[in-house]
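Undergrad: Have a peek at input15.txt (compact mmCIF, C-alpha atoms).
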# COMPACT_ATOMS: atom_id res chain seq x y z
CA MET A 1 -1.08 24.78 8.24
CA LEU A 2 -1.36 21.23 7.04
CA HIS A 3 -3.69 22.34 4.28
CA MET A 4 -1.10 24.88 3.09
CA TYR A 5 1.64 22.26 3.23
CA VAL A 6 -0.41 19.80 1.22
CA ALA A 7 -1.34 22.55 -1.24
CA MET A 8 2.38 23.12 -1.84
CA LEU A 9 2.70 19.52 -2.94
CA ASP A 10 0.04 19.97 -5.62
CA SER A 11 1.00 20.07 -9.26
CA GLU A 12 -0.64 22.64 -11.51
CA GLU A 13 -3.00 19.97 -12.77
CA GLN A 14 -3.94 18.99 -9.26
CA ARG A 15 -4.72 22.57 -8.34
CA PHE A 16 -7.56 22.42 -10.87
CA THR A 17 -10.73 22.23 -8.81
CA PHE A 18 -13.92 20.67 -9.88
CA GLU A 19 -15.81 23.40 -8.12
CA SER A 20 -14.45 26.13 -10.40
CA PHE A 21 -14.92 23.90 -13.45
CA TYR A 22 -18.52 23.31 -12.43
CA GLN A 23 -19.08 27.08 -12.18
CA GLU A 24 -17.86 27.47 -15.76
CA VAL A 25 -19.86 24.69 -17.38
CA SER A 26 -22.97 24.38 -15.19
CA ARG A 27 -25.08 26.75 -17.33
CA ASP A 28 -24.40 24.87 -20.57
CA CYS A 29 -24.82 21.51 -18.84
CA MET A 30 -28.11 22.61 -17.34
CA ASN A 31 -29.40 23.76 -20.75
CA VAL A 32 -28.57 20.39 -22.25
CA ALA A 33 -30.21 18.52 -19.39
CA LEU A 34 -33.31 20.71 -19.59
CA SER A 35 -33.59 20.19 -23.33
CA VAL A 36 -33.85 16.45 -22.62
CA THR A 37 -35.88 16.27 -19.43
CA LYS A 38 -37.95 19.49 -19.69
CA ASN A 39 -37.94 19.34 -15.90
CA HIS A 40 -35.78 21.51 -13.65
CA ALA A 41 -35.45 19.07 -10.75
CA MET A 42 -34.66 16.13 -13.02
CA ALA A 43 -32.13 18.23 -14.91
CA GLU A 44 -30.35 19.12 -11.65
CA ASP A 45 -30.31 15.47 -10.63
CA ALA A 46 -28.77 14.59 -13.99
CA LEU A 47 -26.12 17.27 -13.45
CA HIS A 48 -25.31 15.95 -9.97
CA ASP A 49 -25.19 12.33 -11.18
CA ALA A 50 -22.90 13.25 -14.05
CA PHE A 51 -20.37 15.02 -11.82
CA MET A 52 -20.50 12.21 -9.29
CA TYR A 53 -19.84 9.69 -12.07
CA ILE A 54 -16.85 11.70 -13.34
CA LEU A 55 -15.39 12.20 -9.85
CA GLU A 56 -15.75 8.59 -8.79
CA LYS A 57 -15.12 6.66 -11.98
CA GLN A 58 -13.47 8.81 -14.64
CA LYS A 59 -11.16 11.14 -12.76
CA GLU A 60 -7.94 9.85 -14.29
CA LYS A 61 -9.33 9.94 -17.82
CA PHE A 62 -10.77 13.40 -17.14
CA PHE A 63 -7.41 14.86 -16.07
CA ALA A 64 -5.79 13.45 -19.21
CA MET A 65 -8.05 15.62 -21.41
CA SER A 66 -7.65 19.21 -22.53
CA PHE A 67 -10.06 21.79 -21.07
CA ALA A 68 -12.17 21.97 -24.24
CA HIS A 69 -12.45 18.21 -24.33
CA ARG A 70 -13.32 18.14 -20.62
CA LYS A 71 -16.21 20.48 -21.27
CA SER A 72 -17.67 18.48 -24.14
CA TYR A 73 -17.11 15.25 -22.18
CA THR A 74 -19.00 16.68 -19.21
CA ILE A 75 -21.86 17.98 -21.36
CA LEU A 76 -22.29 14.60 -23.05
CA THR A 77 -22.20 12.82 -19.72
CA VAL A 78 -24.89 15.16 -18.38
CA LYS A 79 -27.00 14.63 -21.48
CA HIS A 80 -26.88 10.84 -21.24
CA ARG A 81 -27.54 10.88 -17.52
CA ALA A 82 -30.60 13.03 -18.28
CA ILE A 83 -31.79 10.57 -20.93
CA ASN A 84 -31.33 7.71 -18.46
CA LEU A 85 -33.30 9.50 -15.78
CA LEU A 86 -36.10 10.38 -18.17
CA ASN A 87 -36.39 6.81 -19.40
CA TYR A 88 -36.43 5.53 -15.84
CA GLU A 89 -39.05 8.09 -14.88
CA ASN A 90 -41.25 7.16 -17.82
CA HIS A 91 -40.76 3.46 -17.10
CA LYS A 92 -39.40 2.92 -20.49
CA ASN A 93 -37.91 -0.54 -20.69
CA TYR A 94 -36.47 -1.19 -24.06
CA LEU A 95 -36.65 -4.79 -25.05
CA GLU A 96 -33.29 -5.69 -26.36
CA GLU A 97 -33.02 -8.01 -29.29
CA GLU A 98 -31.80 -11.36 -28.24
CA GLN A 99 -29.67 -11.52 -31.31
CA GLU A 100 -27.60 -8.74 -32.72
CA PRO A 101 -28.90 -8.05 -36.25
CA ALA A 102 -26.43 -8.70 -39.01
CA VAL A 103 -25.72 -5.39 -40.70
CA ASP A 104 -23.72 -4.84 -43.83
CA PHE A 105 -22.81 -1.25 -43.06
CA ASP A 106 -20.55 0.37 -45.57
CA LEU A 107 -20.14 4.14 -46.05
CA CYS A 108 -17.35 4.15 -48.63
CA ALA A 109 -19.57 5.85 -51.20
CA ILE A 110 -19.69 8.98 -49.04
CA LEU A 111 -16.00 9.56 -49.66
CA GLU A 112 -17.02 11.00 -53.03
CA ASN A 113 -20.47 12.31 -52.02
CA GLU A 114 -20.57 15.51 -49.97
CA GLU A 115 -24.35 15.64 -50.03
CA GLY A 116 -24.47 12.07 -48.85
CA TYR A 117 -22.29 12.97 -45.85
CA LYS A 118 -24.58 15.87 -44.91
CA TYR A 119 -27.56 13.56 -45.21
CA LEU A 120 -25.80 11.06 -42.94
CA ILE A 121 -25.44 13.79 -40.30
CA ASP A 122 -29.17 14.58 -40.59
CA CYS A 123 -30.05 10.91 -40.20
CA ILE A 124 -27.85 10.58 -37.10
CA SER A 125 -29.50 13.65 -35.56
CA SER A 126 -32.94 12.12 -36.10
CA LEU A 127 -32.07 8.79 -34.47
CA PRO A 128 -33.96 7.95 -31.25
CA ASP A 129 -32.11 9.02 -28.11
CA ILE A 130 -31.19 5.52 -27.00
CA TYR A 131 -29.35 4.85 -30.26
CA LYS A 132 -27.83 8.29 -30.55
CA ALA A 133 -26.56 7.91 -26.98
CA VAL A 134 -24.52 4.78 -27.71
CA PHE A 135 -23.13 6.40 -30.88
CA GLU A 136 -22.04 9.49 -28.97
CA MET A 137 -20.52 7.50 -26.12
CA ARG A 138 -18.67 5.24 -28.54
CA TYR A 139 -17.43 7.82 -31.03
CA ILE A 140 -17.13 11.05 -29.00
CA LEU A 141 -16.41 9.88 -25.44
CA ASP A 142 -14.36 6.89 -26.71
CA MET A 143 -16.01 4.55 -24.25
CA SER A 144 -15.74 0.81 -24.65
CA ASN A 145 -18.84 -1.38 -24.83
CA LEU A 146 -18.24 -2.37 -21.22
CA GLU A 147 -18.01 1.25 -20.06
CA ILE A 148 -21.17 2.11 -21.98
CA SER A 149 -23.00 -0.85 -20.47
CA ILE A 150 -22.00 0.24 -16.94
CA PHE A 151 -22.97 3.84 -17.65
CA LEU A 152 -26.41 2.94 -19.02
CA GLY A 153 -27.04 0.02 -16.71
CA ILE A 154 -27.51 -2.50 -19.51
CA THR A 155 -25.64 -5.59 -20.63
CA ASN A 156 -22.64 -5.60 -22.89
CA LYS A 157 -24.66 -7.54 -25.45
CA ALA A 158 -27.39 -4.90 -25.34
CA VAL A 159 -24.84 -2.21 -26.21
CA SER A 160 -23.67 -4.17 -29.28
CA THR A 161 -27.30 -4.73 -30.28
CA ARG A 162 -28.17 -1.05 -29.99
CA ILE A 163 -25.19 -0.06 -32.11
CA ALA A 164 -26.14 -2.62 -34.75
CA ARG A 165 -29.79 -1.51 -34.72
CA ALA A 166 -28.74 2.14 -35.03
CA LYS A 167 -26.70 1.27 -38.10
CA LEU A 168 -29.63 -0.67 -39.48
CA MET A 169 -31.92 2.32 -38.96
CA LEU A 170 -29.45 4.57 -40.78
CA LEU A 171 -29.43 2.16 -43.68
CA GLU A 172 -33.22 2.07 -43.74
CA MET A 173 -33.40 5.90 -43.65
CA GLY A 174 -31.08 6.10 -46.58
CA VAL A 175 -33.01 3.58 -48.53
CA ALA A 176 -36.39 5.04 -47.62
CA ASN A 177 -35.43 8.52 -48.81
CA GLY A 178 -33.73 7.41 -51.95
CA GLN A 179 -30.43 8.65 -50.65
CA PRO A 180 -28.36 5.57 -50.78
CA ILE A 181 -25.43 5.69 -48.42
CA THR A 182 -24.15 2.22 -49.06
CA CYS A 183 -22.33 1.03 -52.07
CA MET B 1 -10.18 -2.14 -51.57
CA ASP B 2 -10.24 -5.04 -49.14
CA SER B 3 -13.01 -5.49 -46.57
CA GLN B 4 -10.94 -4.52 -43.53
CA LEU B 5 -9.97 -1.21 -45.12
CA ARG B 6 -13.60 -0.55 -46.06
CA ALA B 7 -14.65 -1.25 -42.47
CA GLU B 8 -12.04 1.16 -41.11
CA ILE B 9 -13.08 3.89 -43.54
CA THR B 10 -16.74 3.35 -42.61
CA GLU B 11 -15.92 3.66 -38.90
CA ALA B 12 -13.94 6.86 -39.50
CA ILE B 13 -16.77 8.43 -41.54
CA LEU B 14 -19.36 7.42 -38.96
CA ARG B 15 -17.20 8.83 -36.12
CA ASN B 16 -16.85 12.19 -37.88
CA ALA B 17 -20.54 12.28 -38.74
CA VAL B 18 -21.55 11.60 -35.13
CA LYS B 19 -19.20 14.37 -33.92
CA ASP B 20 -20.55 16.81 -36.50
CA ALA B 21 -24.15 15.93 -35.61
CA HIS B 22 -23.41 16.49 -31.95
CA LYS B 23 -21.66 19.81 -32.67
CA ARG B 24 -24.64 21.00 -34.68
CA GLU B 25 -26.96 20.06 -31.85
CA MET B 26 -24.83 21.85 -29.25
CA ASP B 27 -24.44 24.95 -31.42
CA ALA B 28 -28.22 25.15 -31.79
CA LEU B 29 -28.67 24.69 -28.06
CA PHE B 30 -26.12 27.31 -27.02
CA SER B 31 -27.03 29.94 -29.58
CA GLU B 32 -27.96 33.33 -28.16
CA LYS B 33 -31.62 32.86 -29.04
CA ALA B 34 -31.87 29.59 -27.18
CA ALA B 35 -29.78 30.57 -24.14
CA GLN B 36 -31.69 30.33 -20.90
CA GLU B 37 -30.86 31.94 -17.62
CA TYR B 38 -30.34 29.26 -15.07
CA THR B 39 -30.63 29.68 -11.33
CA PRO B 40 -29.81 26.55 -9.39
CA SER B 41 -32.12 25.60 -6.55
CA LYS B 42 -30.82 25.70 -2.96
CA ALA B 43 -31.12 21.93 -2.68
CA HIS B 44 -29.01 21.46 -5.78
CA GLN B 45 -26.40 23.95 -4.57
CA ALA B 46 -26.13 22.08 -1.27
CA GLN B 47 -25.90 18.77 -3.09
CA MET B 48 -23.06 19.96 -5.31
CA ARG B 49 -21.21 21.59 -2.40
CA ALA B 50 -21.37 18.29 -0.47
CA LEU B 51 -20.13 16.36 -3.51
CA PHE B 52 -17.10 18.62 -4.00
CA ALA B 53 -16.35 18.71 -0.27
CA ARG B 54 -16.32 14.91 -0.20
CA ASP B 55 -13.95 14.85 -3.16
CA ARG B 56 -11.64 17.38 -1.49
CA ARG B 57 -11.58 15.35 1.74
CA LYS B 58 -10.77 12.21 -0.23
CA ASN B 59 -7.92 13.97 -2.06
CA MET B 60 -6.59 15.39 1.21
CA PHE B 61 -6.61 11.96 2.82
CA VAL B 62 -4.75 10.41 -0.14
CA LYS B 63 -2.11 13.14 -0.01
CA ILE B 64 -1.70 12.92 3.78
CA TYR B 65 -1.38 9.16 3.58
CA SER B 66 1.22 9.48 0.84
CA VAL B 67 3.23 12.08 2.79
CA THR B 68 2.95 10.13 6.06
CA ARG B 69 4.10 6.95 4.40
CA ARG B 70 7.13 8.70 2.95
CA ILE B 71 8.02 10.19 6.34
CA ALA B 72 7.59 6.80 8.03
CA VAL B 73 9.92 5.14 5.52
CA ILE B 74 12.54 7.85 5.97
CA MET B 75 12.32 7.55 9.76
CA LEU B 76 12.62 3.79 9.59
CA ILE B 77 15.70 3.96 7.38
CA THR B 78 17.28 6.61 9.63
CA ALA B 79 16.56 4.58 12.78
CA THR B 80 18.04 1.45 11.19
CA ILE B 81 21.22 3.28 10.20
CA LEU B 82 21.59 4.86 13.65
CA PHE B 83 20.99 1.54 15.38
CA GLY B 84 23.62 -0.14 13.22
CA VAL B 85 26.13 2.64 13.95
CA LEU B 86 25.49 2.42 17.72
CA LEU B 87 26.05 -1.30 17.82
CA THR B 88 29.49 -0.95 16.28
CA ASP B 89 30.54 1.70 18.83
CA TYR B 90 32.88 0.17 21.46
CA ARG B 91 31.57 2.42 24.23
CA VAL B 92 28.05 1.14 23.65
CA GLN B 93 29.32 -2.42 23.65
CA ALA B 94 31.20 -1.85 26.93
CA THR B 95 28.14 -0.37 28.58
CA ILE B 96 26.06 -3.33 27.52
CA ARG B 97 28.64 -5.80 28.79
CA GLU B 98 27.76 -5.92 32.51
CA THR B 99 27.66 -8.65 35.05
CA ILE B 100 24.15 -10.05 34.84
CA ILE B 101 22.67 -13.25 35.90
CA GLY B 102 20.24 -14.53 33.39
CA TRP B 103 17.85 -17.03 34.72
CA TYR B 104 16.72 -19.43 32.05
CA ASP B 105 14.60 -22.50 32.24
CA ARG B 106 17.45 -24.97 32.27
CA PHE B 107 20.62 -23.11 33.09
CA THR B 108 22.04 -20.09 34.80
CA LEU B 109 24.32 -17.80 32.89
CA PHE B 110 27.10 -15.85 34.55
CA ARG B 111 28.54 -12.97 32.57
CA PHE B 112 31.58 -11.20 34.00
CA GLN B 113 32.63 -7.63 33.54
CA GLN B 114 36.12 -6.29 33.54
CA ALA B 115 36.47 -4.09 36.63
CA ASN B 116 37.39 -0.46 35.89
CA GLY B 117 41.04 0.49 36.43
CA PHE B 118 42.21 -3.08 36.78
CA GLU B 119 44.66 -4.70 34.39
CA THR B 120 44.94 -8.46 34.53
CA GLY B 121 48.30 -9.01 32.95
CA GLU B 122 49.42 -12.60 32.87
CA ARG B 123 48.84 -14.20 36.22
CA GLU B 124 48.89 -17.73 37.40
CA TRP B 125 46.51 -18.82 40.08
CA PHE B 126 46.36 -22.00 42.16
CA PRO B 127 44.56 -23.08 45.34
CA GLU B 128 46.79 -23.22 48.39
CA PHE B 129 44.50 -25.77 50.01
CA LEU B 130 43.81 -29.13 48.40
CA PRO B 131 42.55 -32.30 50.11
CA ASP B 132 45.22 -35.00 50.39
CA GLY B 133 45.69 -37.28 47.41
CA PHE B 134 44.86 -34.78 44.64
CA GLU B 135 47.48 -34.35 41.95
CA ILE B 136 47.57 -32.37 38.72
CA SER B 137 46.75 -34.74 35.88
CA GLU B 138 46.46 -32.25 33.04
CA LEU B 139 47.07 -28.58 32.38
CA ILE B 140 45.54 -26.86 29.36
CA GLU B 141 46.36 -23.33 28.45
CA LEU B 142 44.21 -21.56 25.85
CA HIS B 143 44.08 -17.92 24.87
CA ILE B 144 40.73 -17.70 26.63
CA GLY B 145 41.93 -19.18 29.92
CA ARG B 146 43.67 -21.94 31.84
CA TYR B 147 42.20 -25.34 32.78
CA ILE B 148 43.79 -27.50 35.50
CA PHE B 149 42.56 -31.07 36.05
CA LEU B 150 43.30 -32.66 39.42
CA GLU B 151 42.57 -36.29 40.14
CA HIS B 152 42.40 -38.46 43.23
CA ASP B 153 43.10 -42.17 43.34
CA ASP B 154 39.62 -42.75 44.77
CA GLY B 155 38.02 -41.46 41.60
CA TYR B 156 37.42 -37.89 42.69
CA TYR B 157 38.42 -35.09 40.43
CA ILE B 158 38.53 -31.33 40.46
CA LEU B 159 38.52 -29.00 37.47
CA PHE B 160 39.94 -25.60 38.27
CA GLU B 161 39.56 -23.00 35.50
CA TYR B 162 40.10 -19.31 35.30
CA SER B 163 40.21 -16.59 32.64
CA PRO B 164 40.15 -12.77 32.44
CA ALA B 165 36.70 -11.57 33.52
CA ALA B 166 36.06 -9.48 30.40
CA ASP B 167 34.08 -11.50 27.83
CA THR B 168 33.81 -14.50 30.14
CA THR B 169 30.52 -16.31 30.32
CA ILE B 170 29.85 -19.43 32.33
CA ALA B 171 26.64 -21.37 31.94
CA VAL B 172 25.67 -23.83 34.65
CA ASP B 173 22.79 -26.25 34.81
CA ASN B 174 20.21 -25.19 37.40
CA GLU B 175 17.61 -27.82 36.68
CA PHE B 176 19.26 -30.39 38.96
CA THR B 177 21.18 -28.10 41.30
CA THR B 178 20.49 -25.60 44.04
CA MET B 179 22.45 -22.41 44.36
CA LYS B 180 23.50 -20.28 47.32
CA THR B 181 25.59 -17.15 47.54
CA VAL B 182 28.40 -16.77 50.10
CA LEU B 183 29.97 -13.37 50.70
CA LEU B 184 33.44 -13.56 52.19
CA GLY B 185 36.22 -10.98 52.15
CA GLY B 186 34.18 -8.76 49.83
CA ILE B 187 33.93 -11.51 47.23
CA GLU B 188 30.66 -13.14 46.21
CA TYR B 189 30.96 -16.93 45.80
CA PHE B 190 28.15 -18.81 43.99
CA VAL B 191 27.96 -22.35 45.34
CA LEU B 192 25.98 -24.89 43.32
CA THR B 193 25.02 -28.15 45.03
CA PRO B 194 23.68 -31.08 42.96
CA LEU B 195 20.33 -32.56 43.95
CA PRO B 196 20.44 -36.02 45.55
CA ASP B 197 20.62 -38.84 43.05
CA SER B 198 21.50 -36.49 40.22
CA GLU B 199 24.67 -37.04 38.33
CA HIS B 200 25.59 -33.35 38.27
CA TYR B 201 28.61 -31.78 39.85
CA ALA B 202 29.25 -29.35 42.61
CA GLN B 203 30.49 -25.98 41.42
CA VAL B 204 31.83 -22.77 42.87
CA ILE B 205 32.01 -19.68 40.71
CA TRP B 206 33.40 -16.28 41.65
CA GLN B 207 35.18 -13.20 40.34
CA MET B 208 38.34 -11.79 41.87
CA ASP B 209 41.03 -9.33 40.84
CA GLY B 210 39.78 -9.11 37.24
CA TYR B 211 39.51 -12.88 36.81
CA ALA B 212 36.55 -15.23 36.63
CA PHE B 213 37.07 -18.55 38.44
CA ALA B 214 35.22 -21.84 38.47
CA LEU B 215 35.74 -25.02 40.44
CA LEU B 216 33.90 -28.13 39.36
CA SER B 217 34.05 -31.44 41.17
CA ASN B 218 32.28 -34.60 42.19
CA PHE B 219 33.56 -33.77 45.66
CA SER B 220 31.70 -32.09 48.51
CA PRO B 221 30.59 -28.48 47.74
CA ASP B 222 31.71 -27.33 51.18
CA ILE B 223 35.22 -28.61 50.59
CA LEU B 224 35.12 -27.04 47.16
CA LEU B 225 34.31 -23.68 48.74
CA GLN B 226 37.31 -24.03 51.06
CA ILE B 227 39.49 -24.70 48.02
CA ALA B 228 38.03 -21.62 46.35
CA LEU B 229 38.79 -19.44 49.35
CA SER B 230 42.44 -20.56 49.23
CA VAL B 231 43.04 -19.60 45.58
CA GLY B 232 45.90 -17.12 45.30
CA PHE B 233 48.80 -16.13 43.07
CA ALA B 234 50.90 -19.02 41.99
CA ASN B 235 53.75 -16.74 40.79
Translate the structure described by the file into structure tokens.
TA:
Amino acid sequence: MLHMYVAMLDSEEQRFTFESFYQEVSRDCMNVALSVTKNHAMAEDALHDAFMYILEKQKEKFFAMSFAHRKSYTILTVKHRAINLLNYENHKNYLEEEQEPAVDFDLCAILENEEGYKYLIDCISSLPDIYKAVFEMRYILDMSNLEISIFLGITNKAVSTRIARAKLMLLEMGVANGQPITC
Amino acid sequence: MDSQLRAEITEAILRNAVKDAHKREMDALFSEKAAQEYTPSKAHQAQMRALFARDRRKNMFVKIYSVTRRIAVIMLITATILFGVLLTDYRVQATIRETIIGWYDRFTLFRFQQANGFETGEREWFPEFLPDGFEISELIELHIGRYIFLEHDDGYYILFEYSPAADTTIAVDNEFTTMKTVLLGGIEYFVLTPLPDSEHYAQVIWQMDGYAFALLSNFSPDILLQIALSVGFAN
């Protein structure tokens, strides 16, 4: 009786249940996690961790999104949780630079260079996971440096350093392949 | 183009490129060729069920707390309004106004109640018995009652006061006095005797015919009681 009464108080948004959402996206999330970990058990752990993170820390932000955005947000969260777990499992401790490298990163030339833009996408895809992760969290999930640092379990400074190093790597890729992407 | 604008353009291009790279990766992953059938393990299913159940319980608790708090506030406001309304009702006030004797640390409080079916009117009272030598020295009439001062040449005095019983309260010191009750003719007389060596007065207090009476004197309490017993209509 009480449950029915409380259910009557729910708005349409609140009637959304994570359980049904999980049923809809679990297959895609699992595929992403498996592509990273190559291990079923680890992939399931990543899936569980991701949902727990969303439920406990990002619920308000999650409800503010559209359904399509919720799905891509969840998939990205699962992917990065999987990367984290894999790194932890393989005892990979990345030594962070003490100083953030100074990078003169300028992509204005791509405004007039369609091929250059496509090459940029290729370079981003080939970045190591730890650098691609911070890019995706910053530019797709719109997370701040602090949120990224909490998510990955690293310092705020380390997040800035990784972003700077990723940009530096992109510059080096462009230079190395004769496809300048800076002006 | 200034440097800030260039930086903003660079960020926008990088943001779009990252999104497009991610989309390409996801499209490749979810293409029909790459799709894999996934069957979750029992442990994982149990883990996810527990996670969602915990979230549901948490949501239920938050909602119940919110509803309960609202109900509590409404009840409190309603109770406050009802209480305020009751206090202004004359019948409630009359019921509360009863003859009680409140015993406090330092004084005794006598509250008198108007007897049902009795109308006081304007009456004048005076003791028929007075020891020789007492004469009226002062008479004060107030809307709340009448005060008659009687003095004796030897320095004794008597204060005789009376007022309608309704709304009358008399407070007497009980720290340096002893009190006894005398029942005579259906009337209860409270006789207060000062302790030896105290500078307090003897008093007799009683209620009669819708009036509250008090006699106060530095005279003997027994004599005072006789005076009280003799009080009758003066007109």
Undergrad: What are the residues of chain B lining chain A at 9 Å or less? Count only C-alpha atoms, and put the answer as an NGL selection string.
TA: :B and (6-7 or 9-11 or 13-22 or 24-26 or 29-30 or 35-41 or 44 or 47-49 or 51-52 or 55-56 or 60 or 63-64 or 67)
Undergrad: CA of Met169 (chain A) and CA of Glu112 (chain A) are how many Å apart?
TA: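 Between CA of Met169 (chain A) and CA of Glu112 (chain A) the gap works out to 22.3 Å.
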Undergrad: Rank nothing, just name the residue among B:Leu229, B:Ile136, B:Ala53, B:Leu82 nearest to Gly185 (chain B), using all atoms listed in the file.
TA: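 Checking each candidate against Gly185 (chain B), we get B:Leu229 as the closest.
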Undergrad: Which is closer to Ala43 (chain A) than all the others in A:Val25, A:Ala64, A:Val78, A:Leu146, using only C-alpha atoms?
TA: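 Of the candidates, the smallest distance to Ala43 (chain A) is held by A:Val78.
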Undergrad: Between CA of Tyr157 (chain B) and CA of Val231 (chain B), what is the distance in Å, rounded to a tenth?
TA: 17.0 Å
Undergrad: Just how far from CA of Leu159 (chain B) is CA of Phe112 (chain B), in Å to one decimal?
TA: 19.4 Å
Undergrad: So, with only C-alpha atoms as the atoms that count, which of A:Met173, A:Cys29, A:Leu168, A:Val134 lies closest to Asn156 (chain A)?
TA: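 Once distances to Asn156 (chain A) are computed over only C-alpha atoms, the minimum belongs to A:Val134.
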Undergrad: Determine, counting all atoms listed in the file, which protein, DNA and RNA residues have an atom within 7 Å of an atom of Tyr189 (chain B); residues of the same chain fewer than 2 positions away are not included. Present the result as a list in words.
TA: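 Once the nearby chain positions are removed, what remains is Thr181, Val182, Leu183, Ile187, Val191, Val204, Ile205 and Trp206 of chain B.
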